[in-house]
Every structure is written in C-alpha cells, then in structure tokens.
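One structure is given below, encoded as structure tokens.
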Amino acid sequence: MSETISELRCIACGQRKDVKTRQFRCDACGDLLAVEHDLERLAARLGPNPRASFDLRRAEMQLPYASGVWRYHELILPDLPKEAIVSLPEGNTPLYRRGAIERFVGTEQVYVKHEGENPTLSFKDRGMTAGVSWAVHAGAKRVACASTGDTSAAMAAYAAAAELSGVVLLPHEKVSAEQLAQPISYGARVLALDTDFDGCMKLVQELTASGAIYLLNSMNPFRIEGQKAIGIETVHQLGWQVPDWFVIPVGNAGNISALGKGLRELHALGLIDRLPRIAGAQAQLADPFYLSYREDFAQRHSLTAGPTIASAIRIGDPVSYEKARAAVQELHGVVTEVSDEEAMEAKAVSDAAGVHICPNSGVALAGARRLREEGVIGAKERVVVIATAHGGKFASTTLPYHTERQGPLANPPQVMEASLQGIEEALG
Ligand code: F0G
C-alpha cells in the first residue's frame with residue numbers, strides 16, 4: 001500500500017506521477033494530471049461522523065480550521081502536513097439571499113456564494129492556499145502564473161506570505177487597473193506581455209517546463225483541490241442540503257472542474273445524499289466551452305477571445321477543458337452564454353441588492369436567469385450562483401455603466417452646487 005492517501009494520475013491515460021512533481025502534464029501523453037484520493041482510506045481518516053467533526057471545526061478561531069479551506073483538510077490535501085499550510089486565512093464567504101436577485105432570476109430560492117469576499121477579493125485564494133502550501137512542501141522557491149488578473153493577485157499574496165519569489169505574466173492592458181495594482185503591491189515580478197491570456201498561458205508553461213520555477217495556474221492539480229472547498233463550504237452552510245443547481249462562470253475551466261470533483265467526492269464519501277446539477281456560463285465573445293457543449297462535446301473548440309466586460313474570463317482555449325467536460329457530463333450539467341449587456345444588468349441588480357459582484361459573476365447570474373427563462377432551471381428549484389470576484393476589483397467597468405448611463409439600471413451621481421435648497425429640490 002502506498003504511503004500517501006493521494007496520488008497524481010493522468011486524466012487521459014492513467015499514468016501515475018510522483019506527488020511532489022513540478023511538472024503538471026503527463027510524460028506519456030501530454031494531458032493534464034489530477035489528484036486522486038483513495039476514498040476508502042480517506043473515509044477511515046475522517047472517522048464515523050465526518051459531518052459532526054466539520055460542524056465542530058466551524059467554532060474554531062485558530063488556523064488551520066478557522067480557514068474555510070483547511071476546515072476540510074482531509075478532503076483537500078490529506079497528505080499535506082498541517083505545518084506546511086500557508087493560509088491568510090481564506091474562505092468562510094457569505095451565502096447571500098436577496099429578494100431582488102430571486103425576482104431577477106425567477107426562482108424561489110437563489111443564493112449568491114460570494115467568493116469576492118476572500119482576502120484578495122476572488123475565489124483564487126482557495127486554490128492558491130493549496131497550491132502555495134504544496135509548493136512549499138515540495139521545496140519550491142520561485143513560483144509563476146499567467147493570469148487575467150485574479151490568479152496573479154492571489155499568487156502574489158500567498159507567495160509573499162510564504163516568502164517565495166513570484167513571477168506573473170499578464171496580457172498588457174487586458175486586466176483591470178485594480179487587478180494590476182494587486183500583484184505589483186504584493187511584490188511579485190509582473191511582466192505585462194503584448195499578447196492575450198492564452199498567449200501568456202503558453203509562455204508560462206514553457207517557462208516552468210524544466211521545473212526550476214513552480215507553476216501555479218489551475219493546471220496545477222493541487223490548486224483544483226483547494227477550489228473544491230467552494231462547493232463543500234456551500235453545502236455545509238446549507239446544513240448539508242444539496243441545492244438543485246450550481247451556476248458558475250467559466251474561463252480557463254479550472255473552477256467548474258473543481259466544483260464537480262468536490263461534489264462527486266462528497267457524494268462518494270456519503271457526506272451528501274445526492275448530486276446537484278451544474279451550469280457553466282460564458283461571455284458570448286469568449287465561448288469555446290459553450291460551443292463544444294452545444295455539439296455534445298463532439299469536438300474541442302478554441303478561438304481568439306474578443307473584448308468583453310468579463311475580462312477575467314476572456315479566454316479562447318481553456319486549459320482544463322477535459323476536466324470541465326467530465327464534470328459537466330457527470331453532474332448532468334449544461335453550459336450557456338450571455339451578452340455583455342445581460343451580464344452588466346445582472347451585476348447591477350446584485351450590486352443594488354447590496355451584493356457587490358464583478359462582471360464575470362454577472363455572467364453567471366445572467367446565465368441563471370437565461371436558463372430559467374428557457375425552462376432548464378425550474379421555478380421552484382434551489383439555485384446557488386457562484387460570484388467569483390468582488391465588484392471593487394472592477395470599479396473601472398462599473399463606473400462607466402452608471403456615469404455614462406450604459407444600461408437601464410444606471411444610477412449616476414448628480415453633480416450640483418453646495419446648497420441645502422438645491423439638495424432638497426433634487427431629493428423632491
Ligand atoms: N471569475 C473570475 C473573477 C476569474 O478571475 C476567473 C478566472 C474565472 C471566473 C473563471 O475561472 O478560469 O477557473 O474557469 N481567472 C483566471 C485568472 C483565468 O487568471 O485570474 P476558471
């Protein structure tokens with residue numbers, strides 16, 4: 001019997017690789033690796049009543065269990081020693097329920113799982129706590145990623161916490177100013193390249209191929225393990241009740257893969273009694289996954305993604321395509337797409353309900369509404385929409401929507417002279 005509970009396995013040919021490898025493609029066939037847990041041994045490690053132990057850990061004020069990722073340590077990376085954990089901490093994000101959002105989507109119960117309320121304001125912190133902890137465990141000193149903004153912010157923050165040196169490849173002028181400010185401030189070496197995200201992604205794979213620099217994109221399967229905690233924490237918050245749907249925006253397709261993997265494992269371990277369905281949502285000008293879904297995944301599409309207000313998911317060739325396809329098929333999922341106008345309207349509805357989300361999350365919320373209109377999601381079904389980043393990271397997109405009255409929900413500030421009479425007149 002192997003000493004570790006988990007191993008790395010190629011998703012296509014099944015070849016195994018050492019868990020401490022620094023290369024995340026299979027030597028034999030070039031496909032991606034996944035972390036596979038021995039679920040029988042994991043169940044034994046969890047003990048007879050895992051729900052109760054996770055409930056108890058929710059009262060913990062100390063790390064690691066105060067983290068919304070490491071509370072589920074055994075389900076994430078059971079072989080990672082507690083001492084190796086690098087946590088800010090992350091997770092414990094709210095599950096918002098607002099009447100205005102339910103009316104917008106058109107179903108009775110809609111929750112927004114707000115991953116923008118993580119330390120660097122996106123869900124990437126969940127993957128990065130796992131990826132950086134494992135990097136430290138594997139002895140890495142230098143880490144790198146390509147990014148549309150959020151991955152680089154998270155990597156730079158966790159690298160700083162772990163005293164690793166971080167290298168970021170960004171597509172020049174294709175990430176928001178707020179997102180660019182993050183890795184710069186956290187002290188990473190930021191290289192703004194004259195290409196798009198897919199171009200950065202290719203180069204970072206070449207840069208890290210020798211293993212001298214440790215790759216922290218979601219191709220790194222340890223990151224996927226951390227991101228599983230979004231779904232796990234959500235069902236825990238719902239008292240281990242499974243919603244009918246999770247709706248999630250899709251870019252490089254790591255997060256939807258993580259969501260599916262986490263839920264399948266919870267089900268196999270008996271922590272939940274059924275599986276939800278999942279829906280991926282893409283922006284119309286960056287929709288390769290949707291195009292493949294529409295053809296029942298007969299072929300893998302890749303394209304040059306066009307400009308969209310959902311800049312974090314402006315990706316034409318999702319690296320985790322195969323893992324995401326498997327997740328959608330195994331959870332009887334669907335994929336949809338929406339226009340920028342629909343996404344901005346959804347974002348405006350959520351923002352005005354006090355839940356400030358990014359345009360990429362707007363794509364998911366608008367996707368939920370579209371699926372409801374099409375009758376795919378039923379009026380009585382319970383829906384969880386995953387908001388992936390905070391609106392504050394995208395003020396440069398939000399402001400013109402309001403000040404330039406780009407949509408029906410625009411709420412521009414009124415500039416006026418400083419007089420009480422003027423104010424009273426304006427307020428009617
Ligand atoms: N939402 C936000 C806010 C993101 O930053 C991303 C991905 C996604 C959704 C899509 O997640 O790629 O796992 O399908 N951002 C990456 C980055 C690509 O570099 O920050 P995915």
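Residue names in the structure tokens use chain letters A, B, ... in the order shown, residue numbers from 1 in each chain, and ligand numbers from 1 in the order shown.
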Hey, which residues sit close to ligand 1? Say within 7 Å, counting only C-alpha atoms and all ligand atoms, and write them as a ChimeraX atom specification. /A:122,146-152,218,249-256,312-313,358,360-361,388-389
For His301 in chain A, please output as a compact mmCIF listing (two decimals) with C-alpha atoms, in the first residue's frame all residues within 10 Å (counting only C-alpha atoms; exclusion window: fewer than 3 positions along the same chain).
# COMPACT_ATOMS: atom_id res chain seq x y z
CA ASP A 287 -17.40 30.98 -25.53
CA PRO A 288 -15.34 27.96 -26.71
CA PHE A 289 -16.68 25.72 -23.94
CA TYR A 290 -20.26 26.65 -24.80
CA LEU A 291 -19.60 25.86 -28.49
CA SER A 292 -18.32 22.39 -27.57
CA TYR A 293 -21.24 21.77 -25.19
CA PHE A 297 -18.66 17.83 -26.78
CA ALA A 298 -18.06 16.24 -30.19
CA GLY A 316 -10.28 31.21 -26.04
CA ASP A 317 -8.61 27.88 -25.25
CA PRO A 318 -9.44 26.67 -21.73
CA TYR A 321 -11.30 21.62 -20.98
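If you count only C-alpha atoms and ignore residues fewer than 4 places along the chain from Leu8 in chain A, what sits within 9 Å of it is Gln15, Arg16, Lys17, Asp18, Val19, Thr21, Leu33, Ala34, Val35, Glu36, His37 and Pro221 of chain A.
Closest approach to Leu75 in chain A from the set A:Leu271, A:Ala188, A:Ala160, A:Met416 is made by A:Leu271, with distances taken over only C-alpha atoms.
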Give me the residues near Arg126 in chain A as a list in words, where near means some atom within 9 Å (using only C-alpha atoms) and where sequence neighbours in that chain fewer than 5 positions away do not count. Gly68, Val69, Glu90, Gly91, Asn118, Gly131, Ala154, Arg223, Ile224, Glu225, Gly226, Gln227, Lys228, Ala229 and Ile230 of chain A
Put those residues in a file: all heavy atoms, as a compact mmCIF listing (two decimals), in the first residue's frame.
# COMPACT_ATOMS: atom_id res chain seq x y z
N GLY A 68 -11.73 28.48 5.69
CA GLY A 68 -12.82 27.78 5.01
C GLY A 68 -12.33 26.78 3.96
O GLY A 68 -13.14 26.15 3.29
N VAL A 69 -11.02 26.64 3.84
CA VAL A 69 -10.46 25.56 3.02
C VAL A 69 -9.93 24.46 3.93
O VAL A 69 -10.30 23.28 3.80
CB VAL A 69 -9.31 26.09 2.11
CG1 VAL A 69 -8.59 24.93 1.43
CG2 VAL A 69 -9.87 27.05 1.08
N GLU A 90 -8.53 32.14 4.34
CA GLU A 90 -9.43 32.31 3.21
C GLU A 90 -10.74 31.54 3.47
O GLU A 90 -10.84 30.78 4.43
CB GLU A 90 -8.77 31.78 1.92
CG GLU A 90 -8.19 30.38 2.07
CD GLU A 90 -6.99 30.31 3.00
OE1 GLU A 90 -6.07 31.11 2.81
OE2 GLU A 90 -6.96 29.49 3.92
N GLY A 91 -11.70 31.78 2.57
CA GLY A 91 -12.97 31.05 2.69
C GLY A 91 -13.89 31.71 3.71
O GLY A 91 -13.75 32.88 4.03
N ASN A 118 -13.12 36.98 -0.25
CA ASN A 118 -11.87 36.34 0.16
C ASN A 118 -10.79 37.42 0.33
O ASN A 118 -10.98 38.55 -0.12
CB ASN A 118 -11.45 35.32 -0.92
CG ASN A 118 -12.00 33.94 -0.62
OD1 ASN A 118 -11.67 33.33 0.39
ND2 ASN A 118 -12.87 33.44 -1.50
N GLY A 131 -2.22 25.50 -3.47
CA GLY A 131 -1.08 25.45 -4.40
C GLY A 131 0.21 25.93 -3.76
O GLY A 131 1.26 25.29 -3.91
N ALA A 154 -3.81 36.63 -6.21
CA ALA A 154 -3.77 35.61 -5.15
C ALA A 154 -2.37 35.01 -5.04
O ALA A 154 -1.83 34.88 -3.95
CB ALA A 154 -4.82 34.53 -5.44
N ARG A 223 -4.07 23.15 -6.94
CA ARG A 223 -4.95 24.33 -6.87
C ARG A 223 -6.41 23.89 -6.96
O ARG A 223 -7.27 24.40 -6.26
CB ARG A 223 -4.62 25.29 -8.02
CG ARG A 223 -3.39 26.09 -7.72
CD ARG A 223 -3.50 27.56 -8.06
NE ARG A 223 -4.81 28.05 -8.35
CZ ARG A 223 -5.13 28.73 -9.45
NH1 ARG A 223 -4.22 28.98 -10.37
NH2 ARG A 223 -6.34 29.17 -9.64
N ILE A 224 -6.68 22.94 -7.84
CA ILE A 224 -8.06 22.45 -8.01
C ILE A 224 -8.58 21.90 -6.68
O ILE A 224 -9.75 22.10 -6.31
CB ILE A 224 -8.09 21.33 -9.09
CG1 ILE A 224 -7.62 21.87 -10.44
CG2 ILE A 224 -9.45 20.67 -9.17
CD1 ILE A 224 -8.58 22.74 -11.16
N GLU A 225 -7.70 21.22 -5.94
CA GLU A 225 -8.13 20.63 -4.66
C GLU A 225 -8.61 21.72 -3.71
O GLU A 225 -9.61 21.56 -3.01
CB GLU A 225 -7.00 19.80 -4.04
CG GLU A 225 -6.65 18.57 -4.84
CD GLU A 225 -7.87 17.68 -5.13
OE1 GLU A 225 -8.49 17.18 -4.18
OE2 GLU A 225 -8.19 17.50 -6.33
N GLY A 226 -7.92 22.86 -3.66
CA GLY A 226 -8.34 23.96 -2.78
C GLY A 226 -9.66 24.55 -3.22
O GLY A 226 -10.53 24.87 -2.39
N GLN A 227 -9.84 24.69 -4.53
CA GLN A 227 -11.06 25.31 -5.04
C GLN A 227 -12.30 24.43 -4.82
O GLN A 227 -13.42 24.94 -4.82
CB GLN A 227 -10.87 25.69 -6.52
CG GLN A 227 -10.00 26.93 -6.64
CD GLN A 227 -9.57 27.30 -8.04
OE1 GLN A 227 -8.54 27.92 -8.19
NE2 GLN A 227 -10.34 26.93 -9.05
N LYS A 228 -12.08 23.13 -4.59
CA LYS A 228 -13.22 22.26 -4.27
C LYS A 228 -13.99 22.78 -3.05
O LYS A 228 -15.18 22.53 -2.89
CB LYS A 228 -12.73 20.85 -3.92
CG LYS A 228 -12.23 20.03 -5.07
CD LYS A 228 -11.92 18.58 -4.68
CE LYS A 228 -11.36 18.35 -3.31
NZ LYS A 228 -10.75 17.03 -3.10
N ALA A 229 -13.27 23.51 -2.18
CA ALA A 229 -13.89 23.94 -0.92
C ALA A 229 -15.05 24.92 -1.13
O ALA A 229 -15.86 25.12 -0.23
CB ALA A 229 -12.83 24.57 0.00
N ILE A 230 -15.14 25.53 -2.32
CA ILE A 230 -16.29 26.44 -2.56
C ILE A 230 -17.59 25.64 -2.45
O ILE A 230 -18.51 26.03 -1.72
CB ILE A 230 -16.21 27.10 -3.96
CG1 ILE A 230 -14.91 27.88 -4.12
CG2 ILE A 230 -17.42 28.01 -4.19
CD1 ILE A 230 -14.69 28.42 -5.54
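Backbone DSSP assigns strand (DSSP E or B) in range 41-207 of chain A to Leu95, Tyr96, Gln109, Val110, Tyr111, Val112, Lys113, His114, Ser122, Arg142, Val143, Ala144, Cys145, Ala146, Ser165, Gly166, Val167, Val168, Leu169, Leu170, Pro171, Arg189, Val190, Leu191, Ala192 and Leu193 of chain A.
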What would the file look like if the residues just selected were written as an mmCIF file, in the first residue's frame with N, CA, C and O atoms?
data_model
loop_
_atom_site.group_PDB
_atom_site.id
_atom_site.type_symbol
_atom_site.label_atom_id
_atom_site.label_comp_id
_atom_site.auth_asym_id
_atom_site.auth_seq_id
_atom_site.Cartn_x
_atom_site.Cartn_y
_atom_site.Cartn_z
ATOM 1 N N LEU A 95 -23.155 33.414 2.048
ATOM 2 C CA LEU A 95 -24.124 32.888 1.096
ATOM 3 C C LEU A 95 -25.312 33.847 1.186
ATOM 4 O O LEU A 95 -26.104 33.777 2.116
ATOM 5 N N TYR A 96 -25.389 34.780 0.245
ATOM 6 C CA TYR A 96 -26.410 35.825 0.325
ATOM 7 C C TYR A 96 -27.718 35.365 -0.302
ATOM 8 O O TYR A 96 -27.711 34.727 -1.345
ATOM 9 N N GLN A 109 -35.682 30.227 -4.693
ATOM 10 C CA GLN A 109 -34.527 30.281 -3.791
ATOM 11 C C GLN A 109 -33.246 30.433 -4.584
ATOM 12 O O GLN A 109 -32.819 29.500 -5.260
ATOM 13 N N VAL A 110 -32.657 31.610 -4.480
ATOM 14 C CA VAL A 110 -31.358 31.840 -5.132
ATOM 15 C C VAL A 110 -30.379 32.339 -4.076
ATOM 16 O O VAL A 110 -30.681 33.279 -3.333
ATOM 17 N N TYR A 111 -29.256 31.697 -4.009
ATOM 18 C CA TYR A 111 -28.190 32.137 -3.107
ATOM 19 C C TYR A 111 -27.013 32.599 -3.961
ATOM 20 O O TYR A 111 -26.719 31.988 -4.999
ATOM 21 N N VAL A 112 -26.343 33.643 -3.491
ATOM 22 C CA VAL A 112 -25.087 34.037 -4.142
ATOM 23 C C VAL A 112 -23.960 33.698 -3.177
ATOM 24 O O VAL A 112 -23.886 34.227 -2.064
ATOM 25 N N LYS A 113 -23.106 32.775 -3.600
ATOM 26 C CA LYS A 113 -21.936 32.404 -2.796
ATOM 27 C C LYS A 113 -20.851 33.398 -3.187
ATOM 28 O O LYS A 113 -20.288 33.316 -4.287
ATOM 29 N N HIS A 114 -20.561 34.348 -2.281
ATOM 30 C CA HIS A 114 -19.730 35.490 -2.691
ATOM 31 C C HIS A 114 -18.244 35.255 -2.424
ATOM 32 O O HIS A 114 -17.696 35.655 -1.397
ATOM 33 N N SER A 122 -11.080 37.414 -4.543
ATOM 34 C CA SER A 122 -11.606 36.446 -5.508
ATOM 35 C C SER A 122 -11.456 35.019 -4.978
ATOM 36 O O SER A 122 -10.725 34.777 -4.007
ATOM 37 N N ARG A 142 10.586 29.523 -6.204
ATOM 38 C CA ARG A 142 10.102 30.531 -7.138
ATOM 39 C C ARG A 142 8.834 30.003 -7.796
ATOM 40 O O ARG A 142 8.812 28.847 -8.235
ATOM 41 N N VAL A 143 7.819 30.837 -7.885
ATOM 42 C CA VAL A 143 6.532 30.388 -8.429
ATOM 43 C C VAL A 143 6.086 31.341 -9.526
ATOM 44 O O VAL A 143 6.480 32.510 -9.536
ATOM 45 N N ALA A 144 5.260 30.835 -10.454
ATOM 46 C CA ALA A 144 4.834 31.686 -11.577
ATOM 47 C C ALA A 144 3.420 31.337 -12.014
ATOM 48 O O ALA A 144 2.947 30.210 -11.815
ATOM 49 N N CYS A 145 2.758 32.329 -12.615
ATOM 50 C CA CYS A 145 1.447 32.070 -13.236
ATOM 51 C C CYS A 145 1.225 33.046 -14.373
ATOM 52 O O CYS A 145 1.815 34.125 -14.413
ATOM 53 N N ALA A 146 0.343 32.633 -15.296
ATOM 54 C CA ALA A 146 -0.250 33.558 -16.267
ATOM 55 C C ALA A 146 -1.592 33.937 -15.688
ATOM 56 O O ALA A 146 -2.178 33.155 -14.929
ATOM 57 N N SER A 165 9.490 33.799 -4.180
ATOM 58 C CA SER A 165 9.503 34.870 -5.168
ATOM 59 C C SER A 165 8.483 34.533 -6.267
ATOM 60 O O SER A 165 8.396 33.396 -6.733
ATOM 61 N N GLY A 166 7.697 35.522 -6.665
ATOM 62 C CA GLY A 166 6.590 35.290 -7.598
ATOM 63 C C GLY A 166 6.805 35.996 -8.930
ATOM 64 O O GLY A 166 7.244 37.140 -8.963
ATOM 65 N N VAL A 167 6.469 35.289 -10.021
ATOM 66 C CA VAL A 167 6.568 35.867 -11.369
ATOM 67 C C VAL A 167 5.189 35.790 -12.020
ATOM 68 O O VAL A 167 4.573 34.720 -12.037
ATOM 69 N N VAL A 168 4.726 36.916 -12.547
ATOM 70 C CA VAL A 168 3.375 36.981 -13.111
ATOM 71 C C VAL A 168 3.450 37.388 -14.582
ATOM 72 O O VAL A 168 4.116 38.366 -14.914
ATOM 73 N N LEU A 169 2.787 36.637 -15.463
ATOM 74 C CA LEU A 169 2.660 37.037 -16.869
ATOM 75 C C LEU A 169 1.216 37.479 -17.130
ATOM 76 O O LEU A 169 0.286 36.684 -16.983
ATOM 77 N N LEU A 170 1.058 38.755 -17.468
ATOM 78 C CA LEU A 170 -0.283 39.302 -17.707
ATOM 79 C C LEU A 170 -0.408 39.779 -19.146
ATOM 80 O O LEU A 170 0.568 40.261 -19.719
ATOM 81 N N PRO A 171 -1.621 39.691 -19.735
ATOM 82 C CA PRO A 171 -1.807 40.317 -21.052
ATOM 83 C C PRO A 171 -1.890 41.845 -20.858
ATOM 84 O O PRO A 171 -2.757 42.326 -20.122
ATOM 85 N N ARG A 189 7.134 39.909 -9.391
ATOM 86 C CA ARG A 189 7.710 40.464 -10.620
ATOM 87 C C ARG A 189 6.632 40.350 -11.696
ATOM 88 O O ARG A 189 6.236 39.240 -12.063
ATOM 89 N N VAL A 190 6.119 41.496 -12.159
ATOM 90 C CA VAL A 190 4.989 41.482 -13.091
ATOM 91 C C VAL A 190 5.470 41.812 -14.499
ATOM 92 O O VAL A 190 6.059 42.867 -14.718
ATOM 93 N N LEU A 191 5.228 40.891 -15.440
ATOM 94 C CA LEU A 191 5.607 41.120 -16.827
ATOM 95 C C LEU A 191 4.322 41.246 -17.644
ATOM 96 O O LEU A 191 3.536 40.302 -17.726
ATOM 97 N N ALA A 192 4.096 42.442 -18.191
ATOM 98 C CA ALA A 192 2.873 42.707 -18.974
ATOM 99 C C ALA A 192 3.205 42.457 -20.439
ATOM 100 O O ALA A 192 3.974 43.196 -21.037
ATOM 101 N N LEU A 193 2.647 41.389 -21.005
ATOM 102 C CA LEU A 193 3.052 40.947 -22.339
ATOM 103 C C LEU A 193 2.080 41.410 -23.418
ATOM 104 O O LEU A 193 0.867 41.479 -23.191
#
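The closest residue to Ala181 in chain A, picked from A:Ala410, A:Lys393, A:Lys141, A:Gln282 and counting only C-alpha atoms, is A:Lys393.
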Distance query Ala100 in chain A at most 12 Å, only C-alpha atoms, self and fewer than 3 positions along chain excluded, as a PyMOL selection string: chain A and resi 96-97+103-112+346-355
List the spatial neighbours of Ser339 in chain A as a ChimeraX atom specification - criterion: any atom at most 6 Å away, only C-alpha atoms, same-chain residues fewer than 2 positions off excluded. /A:284,341-342
Selection to disk with N, CA and C atoms, as a compact mmCIF listing (two decimals), in the first residue's frame:
# COMPACT_ATOMS: atom_id res chain seq x y z
N GLN A 284 -20.37 35.84 -24.49
CA GLN A 284 -20.58 35.48 -25.90
C GLN A 284 -19.31 35.55 -26.76
N GLU A 341 -24.30 42.97 -22.17
CA GLU A 341 -25.42 43.77 -21.65
C GLU A 341 -26.16 42.98 -20.57
N GLU A 342 -26.41 41.69 -20.86
CA GLU A 342 -27.12 40.86 -19.87
C GLU A 342 -26.29 40.72 -18.59
Compile the contact shell of Tyr158 in chain A as JSON, numbers by chain: residues with an atom at most 10 Å away, counting only C-alpha atoms, same-chain residues fewer than 2 positions apart removed. {"A": [86, 87, 88, 120, 125, 128, 129, 130, 131, 132, 133, 152, 153, 154, 155, 156, 160, 161, 162, 163, 164, 166, 186]}
In terms of the shortest atom-to-atom distance over only C-alpha atoms, which of A:Ala44, A:Ile5, A:Cys13, A:Leu331 is closest to Cys29 in chain A? A:Cys13
Pick from A:Glu265, A:Asp296, A:Glu74, A:Glu60: nearest to Leu46 in chain A, with only C-alpha atoms counted? A:Glu74
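Counting only C-alpha atoms, the residue from A:Gln414, A:Thr336, A:Thr4, A:Ser419 that sits nearest to Arg294 in chain A is A:Thr336.
Residue nearest Leu215 in chain A within the list A:Val247, A:Ala135, A:Ala268, A:Leu259: A:Ala135 [criterion: smallest interatomic distance, only C-alpha atoms].
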What are the DSSP helix (DSSP H, G or I) residues of range 178-422 of chain A, as an NGL selection string? :A and (178-185 or 197-208 or 221-227 or 229-237 or 254-268 or 288-294 or 311-313 or 321-330 or 340-352 or 359-373 or 391-403 or 420-422)
